[in-house]
file target.txt (compact mmCIF, C-alpha atoms)
# COMPACT_ATOMS: atom_id res chain seq x y z
CA MET A 2 -25.62 16.11 83.73
CA ARG A 3 -26.75 19.31 82.03
CA THR A 4 -30.13 20.56 83.25
CA ALA A 5 -32.99 21.66 81.04
CA THR A 6 -32.47 25.21 82.29
CA VAL A 7 -28.87 25.26 81.12
CA GLU A 8 -29.84 23.72 77.77
CA ASN A 9 -32.42 26.45 77.28
CA GLN A 10 -29.82 29.04 78.24
CA VAL A 11 -27.39 27.65 75.66
CA ARG A 12 -30.06 27.74 72.95
CA GLN A 13 -30.86 31.34 73.81
CA ILE A 14 -27.16 32.32 73.74
CA VAL A 15 -26.80 30.75 70.29
CA ALA A 16 -29.95 32.50 69.06
CA ASP A 17 -28.74 35.86 70.39
CA PHE A 18 -25.27 35.38 68.93
CA ASN A 19 -26.61 34.42 65.49
CA ALA A 20 -28.89 37.47 65.55
CA GLY A 21 -26.00 39.77 66.44
CA ARG A 22 -27.28 40.44 69.94
CA PHE A 23 -23.81 40.09 71.44
CA SER A 24 -24.51 41.96 74.67
CA GLN A 25 -27.42 39.70 75.56
CA ALA A 26 -25.47 36.58 74.61
CA LYS A 27 -22.47 37.71 76.64
CA SER A 28 -24.60 38.45 79.69
CA LEU A 29 -26.23 35.02 79.55
CA CYS A 30 -22.82 33.35 79.25
CA GLU A 31 -21.49 35.24 82.25
CA THR A 32 -24.54 34.24 84.30
CA GLY A 33 -24.07 30.59 83.37
CA LEU A 34 -20.34 30.62 84.06
CA GLN A 35 -20.91 32.04 87.53
CA LYS A 36 -22.54 28.70 88.36
CA ASP A 37 -20.02 26.49 86.51
CA ARG A 38 -16.79 28.16 85.36
CA SER A 39 -15.50 25.01 83.67
CA ASP A 40 -18.55 24.24 81.53
CA PRO A 41 -17.06 23.46 78.06
CA THR A 42 -20.05 24.61 76.03
CA LEU A 43 -20.52 27.90 77.87
CA ASN A 44 -16.78 28.60 77.65
CA HIS A 45 -16.83 27.86 73.90
CA LEU A 46 -19.77 30.21 73.37
CA PHE A 47 -18.22 32.89 75.54
CA ALA A 48 -14.95 32.60 73.60
CA ALA A 49 -16.84 32.95 70.31
CA ILE A 50 -18.65 36.06 71.58
CA LEU A 51 -15.45 37.66 72.91
CA PHE A 52 -13.62 36.93 69.65
CA ALA A 53 -16.47 38.35 67.56
CA THR A 54 -16.40 41.53 69.64
CA GLY A 55 -12.64 42.00 69.35
CA ASP A 56 -11.38 40.61 72.68
CA ALA A 57 -9.13 37.84 71.36
CA ALA A 58 -6.96 37.66 74.48
CA ARG A 59 -9.89 36.79 76.78
CA ALA A 60 -11.42 34.59 74.09
CA ASN A 61 -8.20 32.59 74.06
CA ILE A 62 -8.50 31.86 77.79
CA HIS A 63 -12.06 30.59 77.50
CA VAL A 64 -11.55 28.48 74.40
CA GLU A 65 -8.68 26.69 76.13
CA ILE A 66 -10.91 25.98 79.14
CA SER A 67 -13.52 24.63 76.72
CA LEU A 68 -10.99 22.37 74.99
CA ALA A 69 -9.74 21.07 78.34
CA GLY A 70 -13.21 19.60 78.82
CA MET A 71 -13.88 18.70 75.16
CA PRO A 72 -10.52 18.14 73.42
CA ASP A 73 -12.12 16.29 70.50
CA ASN A 74 -14.53 19.09 69.63
CA ALA A 75 -13.70 20.10 66.05
CA PRO A 76 -15.51 23.48 66.19
CA GLY A 77 -13.61 24.27 69.38
CA GLN A 78 -10.27 23.42 67.77
CA LEU A 79 -11.23 25.54 64.75
CA LEU A 80 -12.14 28.49 66.96
CA ALA A 81 -8.91 28.09 68.93
CA GLY A 82 -6.94 28.13 65.68
CA ARG A 83 -8.61 31.33 64.50
CA ILE A 84 -8.04 33.04 67.82
CA ALA A 85 -4.39 31.98 67.98
CA ARG A 86 -3.78 33.26 64.44
CA SER A 87 -5.33 36.62 65.30
CA LEU A 88 -2.89 36.83 68.22
CA GLY A 89 0.06 36.02 65.94
CA ASP A 90 0.67 32.65 67.62
CA PHE A 91 0.97 30.75 64.35
CA ASN A 92 2.47 27.55 65.76
CA ARG A 93 -0.45 27.10 68.12
CA ALA A 94 -2.91 28.06 65.39
CA ILE A 95 -1.43 25.42 63.09
CA PHE A 96 -1.63 22.84 65.88
CA HIS A 97 -5.31 23.52 66.64
CA LEU A 98 -6.31 23.62 62.98
CA GLY A 99 -4.45 20.37 62.39
CA ARG A 100 -6.44 18.77 65.20
CA ALA A 101 -9.65 20.18 63.73
CA ALA A 102 -8.82 18.71 60.31
CA ILE A 103 -8.22 15.26 61.83
CA LEU A 104 -11.51 15.40 63.71
CA SER A 105 -13.63 16.78 60.85
CA ALA A 106 -12.11 17.47 57.45
CA ASN A 107 -14.10 20.13 55.61
CA VAL A 108 -13.50 23.11 53.36
CA GLU A 109 -13.87 25.63 56.19
CA ILE A 110 -10.96 24.07 58.07
CA LEU A 111 -8.90 23.79 54.88
CA LEU A 112 -9.50 27.50 54.28
CA GLU A 113 -8.35 28.44 57.77
CA GLN A 114 -5.25 26.26 57.44
CA ALA A 115 -4.34 27.89 54.13
CA ARG A 116 -4.85 31.38 55.56
CA THR A 117 -2.74 30.51 58.58
CA PHE A 118 0.18 29.09 56.58
CA ASP A 119 0.05 32.26 54.47
CA ALA A 120 0.02 34.51 57.52
CA ALA A 121 2.90 32.54 59.02
CA GLY A 122 4.94 32.97 55.83
CA ASP A 123 5.13 29.20 55.32
CA ARG A 124 4.89 29.35 51.52
CA SER A 125 5.44 25.64 50.90
CA ARG A 126 2.65 24.48 53.19
CA ALA A 127 0.46 27.38 52.08
CA VAL A 128 0.67 26.21 48.46
CA GLY A 129 -0.28 22.68 49.51
CA ALA A 130 -3.20 23.94 51.56
CA TRP A 131 -4.50 26.24 48.81
CA ARG A 132 -4.18 23.36 46.32
CA ALA A 133 -6.13 21.05 48.63
CA LEU A 134 -8.84 23.66 49.08
CA ASN A 135 -8.99 24.35 45.34
CA ARG A 136 -9.43 20.63 44.67
CA ALA A 137 -12.14 20.39 47.30
CA ASN A 138 -13.91 23.52 46.10
CA PRO A 139 -12.74 24.69 42.64
CA ALA A 140 -15.34 27.45 42.68
CA SER A 141 -13.87 29.12 45.78
CA PRO A 142 -12.79 32.61 44.63
CA GLU A 143 -10.38 33.05 47.54
CA ALA A 144 -8.63 29.72 46.96
CA ALA A 145 -8.38 30.34 43.22
CA ALA A 146 -7.14 33.90 43.71
CA ARG A 147 -4.41 32.96 46.16
CA LEU A 148 -3.30 29.77 44.39
CA GLY A 149 -3.41 31.45 40.99
CA ARG A 150 -1.22 34.33 42.20
CA ILE A 151 1.29 31.93 43.80
CA LEU A 152 1.51 29.78 40.67
CA PHE A 153 2.00 32.89 38.52
CA GLU A 154 4.73 34.20 40.83
CA ASP A 155 6.39 30.78 40.73
CA GLY A 156 6.57 30.89 36.92
CA SER A 157 3.64 28.60 36.06
CA PRO A 158 1.25 30.85 34.11
CA ASP A 159 -0.53 27.94 32.39
CA ASP A 160 -1.40 26.36 35.74
CA ALA A 161 -2.35 29.76 37.14
CA ALA A 162 -4.67 30.38 34.20
CA ALA A 163 -6.39 27.01 34.69
CA VAL A 164 -7.04 27.79 38.35
CA LEU A 165 -8.29 31.33 37.76
CA GLU A 166 -10.45 30.32 34.81
CA GLY A 167 -12.08 27.73 37.09
CA VAL A 168 -13.95 30.47 38.93
CA ALA A 169 -17.23 31.38 37.25
CA ALA A 170 -17.05 34.82 35.62
CA ILE A 171 -19.92 36.06 37.75
CA ASP A 172 -17.96 35.21 40.92
CA ARG A 173 -14.67 36.82 39.91
CA SER A 174 -13.56 39.71 42.08
CA PRO A 175 -11.56 42.67 40.70
CA SER A 176 -8.35 41.08 41.99
CA ILE A 177 -9.10 37.79 40.21
CA TRP A 178 -9.82 39.64 36.96
CA PHE A 179 -6.59 41.58 37.41
CA ASP A 180 -4.51 38.45 38.04
CA LEU A 181 -6.20 36.75 35.10
CA GLY A 182 -5.16 39.73 33.00
CA LEU A 183 -1.54 39.32 34.19
CA VAL A 184 -1.56 35.61 33.38
CA ARG A 185 -3.13 36.03 29.95
CA GLN A 186 -0.72 38.87 29.18
CA ASP A 187 2.21 36.66 30.16
CA LEU A 188 0.85 33.94 27.85
CA HIS A 189 0.51 36.55 25.05
CA GLU A 190 -3.28 36.11 24.99
CA LEU A 191 -3.70 39.83 24.46
CA ALA A 192 -7.42 40.00 23.67
CA GLY A 193 -8.20 37.91 26.72
CA ALA A 194 -5.90 40.03 28.85
CA ALA A 195 -7.60 43.23 27.68
CA GLU A 196 -10.99 41.74 28.52
CA ALA A 197 -9.80 40.80 32.01
CA TYR A 198 -8.36 44.24 32.74
CA ARG A 199 -11.57 45.87 31.52
CA LYS A 200 -13.61 43.64 33.84
CA ALA A 201 -11.32 44.58 36.73
CA LEU A 202 -11.86 48.27 35.95
CA GLU A 203 -15.63 47.81 35.66
CA GLN A 204 -15.71 46.48 39.20
CA ARG A 205 -12.99 48.76 40.58
CA PRO A 206 -12.89 51.95 38.47
CA ASP A 207 -10.12 53.49 40.59
CA ASP A 208 -7.60 50.73 39.81
CA ALA A 209 -4.86 52.77 38.13
CA GLU A 210 -2.59 49.74 37.72
CA ALA A 211 -5.25 47.86 35.78
CA ALA A 212 -5.68 50.89 33.53
CA VAL A 213 -1.92 51.06 32.85
CA ASN A 214 -1.80 47.35 32.06
CA LEU A 215 -4.82 47.66 29.80
CA GLY A 216 -3.02 50.44 27.94
CA ILE A 217 0.08 48.28 27.52
CA VAL A 218 -1.96 45.34 26.16
CA LEU A 219 -3.92 47.54 23.75
CA GLN A 220 -0.68 49.14 22.60
CA ASP A 221 0.80 45.69 21.92
CA MET A 222 -2.34 44.91 19.91
CA GLY A 223 -1.74 48.02 17.81
CA ASP A 224 -4.79 49.89 19.14
CA MET A 225 -3.06 53.14 20.06
CA ASP A 226 -6.19 55.26 20.38
CA ASP A 227 -7.69 53.01 23.05
CA ALA A 228 -4.28 52.54 24.64
CA ILE A 229 -3.88 56.30 25.08
CA ALA A 230 -7.43 56.44 26.50
CA ALA A 231 -6.50 53.80 29.07
CA TYR A 232 -3.30 55.66 29.93
CA ARG A 233 -5.33 58.85 30.39
CA THR A 234 -7.58 57.00 32.83
CA ALA A 235 -4.58 55.74 34.77
CA TYR A 236 -2.92 59.17 34.89
CA SER A 237 -6.13 60.86 36.04
CA LEU A 238 -6.43 58.34 38.85
CA ARG A 239 -2.77 58.43 39.87
CA PRO A 240 -0.37 60.98 38.35
CA ASP A 241 2.57 58.93 39.61
CA THR A 242 1.82 56.39 36.85
CA LEU A 243 3.42 58.81 34.38
CA GLY A 244 6.79 57.05 34.58
CA ALA A 245 5.32 53.62 33.83
CA ILE A 246 3.24 55.05 30.99
CA ALA A 247 6.24 56.85 29.46
CA MET A 248 8.33 53.68 29.67
CA SER A 249 5.58 51.62 28.04
CA LEU A 250 5.08 54.12 25.25
CA THR A 251 8.76 54.28 24.36
CA SER A 252 9.76 50.65 24.87
CA ALA A 253 6.94 48.59 23.43
CA PRO A 254 7.22 47.36 19.81
CA ARG A 255 4.35 49.62 18.77
CA GLY A 256 5.26 52.49 21.08
CA GLN A 257 5.77 56.13 20.33
CA LEU A 258 8.79 58.30 20.99
CA TRP A 259 8.22 60.96 23.65
CA LEU A 260 11.22 63.19 24.16
CA ASP A 261 9.26 65.84 26.01
CA ARG A 262 7.75 64.61 29.31
CA GLN A 263 5.58 67.71 29.53
CA ALA A 264 4.13 67.01 26.10
CA LEU A 265 3.16 63.53 27.29
CA GLN A 266 1.53 65.02 30.38
CA ARG A 267 -0.49 67.40 28.20
CA THR A 268 -1.62 64.50 26.02
CA LEU A 269 -2.70 62.47 29.06
CA LYS A 270 -4.60 65.43 30.49
CA SER A 271 -6.41 66.25 27.25

call {"tool": "encode", "arguments": {"input": "target.txt", "output": "structure tokens"}}
result
Amino acid sequence: MRTATVENQVRQIVADFNAGRFSQAKSLCETGLQKDRSDPTLNHLFAAILFATGDAARANIHVEISLAGMPDNAPGQLLAGRIARSLGDFNRAIFHLGRAAILSANVEILLEQARTFDAAGDRSRAVGAWRALNRANPASPEAAARLGRILFEDGSPDDAAAVLEGVAAIDRSPSIWFDLGLVRQDLHELAGAAEAYRKALEQRPDDAEAAVNLGIVLQDMGDMDDAIAAYRTAYSLRPDTLGAIAMSLTSAPRGQLWLDRQALQRTLKS
């Protein structure tokens, strides 16, 4: 039976860990484990501290000791899954996260499962996991971003748009705005695509690719002055965008003919 002293020690370890006092928390864990090396709670806490401080290999040893004593502990299974994934042991990570989901289904576990399937290159199960997480939490920017990109890559721009639009505008990251621009552009919603690329650039002004795409969309809309301005931004950020800009200017329906590459460079620099 756990003594009051050990319970107080555990509470102090948790308080130190949550406050970022990892050295104190680690020292208390080590003191407790000297008295009982198989204590599941102390091993779980020690594993969490080691993992948080970058020692995944040792964390893995202690989380397994913890699970040997508490196999039905969902937080322990979740921690074991995260540690295993960080070590590149995807099969074991998937196993532990699967156990965690059976014991306590929640969005945090769904998120870790989706990340793990992605990291393992298991696209089919990753799509299912991201879909499940998106259903459970449609406002999750990470779930929407990943699922939206996968749907777009798989040739389902309408579905991708629905997922990406489900994230509140205030919560959209530059990458979500960029992907939304791609989707809207693919659906020929040019004004919406231009808005999305502009939002991406507002949040990430050094995104040369977003600037190029904005130029292409504005060019397709017939707004050549603003298109050239966007191309200038892209070229100033990354001169190697010149080829993409030249191709867009000469191939688009409303493009311009540039026979002299140096003339185009001068225009973009002006």

call {"tool": "atom_distance", "arguments": {"input": "target.txt", "atom1": "atom CA of A:Ser28", "atom2": "atom CA of A:Glu65"}}
result
20.1 Å

call {"tool": "closest_residue", "arguments": {"input": "target.txt", "among": "A:Leu51, A:Glu8, A:Ser39, A:Gln78", "to": "A:Ile66", "atoms": "only C-alpha atoms"}}
result
A:Ser39

call {"tool": "atom_distance", "arguments": {"input": "target.txt", "atom1": "atom CA of A:Pro142", "atom2": "atom CA of A:Val164"}}
result
9.8 Å

call {"tool": "atom_distance", "arguments": {"input": "target.txt", "atom1": "atom CA of A:Asn107", "atom2": "atom CA of A:Arg136"}}
result
11.9 Å

call {"tool": "residues_around", "arguments": {"input": "target.txt", "residues": "stretch 224-232 of chain A", "least_positions_apart": "6", "cutoff": "7 Å", "atoms": "all atoms listed in the file", "output": "PDB file with C-alpha atoms, in the frame of the given file"}}
result
ATOM      1  CA  ALA A 212      -5.680  50.890  33.530  1.00  0.00           C
ATOM      2  CA  VAL A 213      -1.920  51.060  32.850  1.00  0.00           C
ATOM      3  CA  LEU A 215      -4.820  47.660  29.800  1.00  0.00           C
ATOM      4  CA  GLY A 216      -3.020  50.440  27.940  1.00  0.00           C
ATOM      5  CA  ILE A 217       0.080  48.280  27.520  1.00  0.00           C
ATOM      6  CA  ILE A 246       3.240  55.050  30.990  1.00  0.00           C
ATOM      7  CA  LEU A 269      -2.700  62.470  29.060  1.00  0.00           C
TER       8      LEU A 269
END

call {"tool": "closest_residue", "arguments": {"input": "target.txt", "among": "A:Ala101, A:Ala197, A:Ala235, A:Leu250", "to": "A:Gly223", "atoms": "only C-alpha atoms"}}
result
A:Leu250
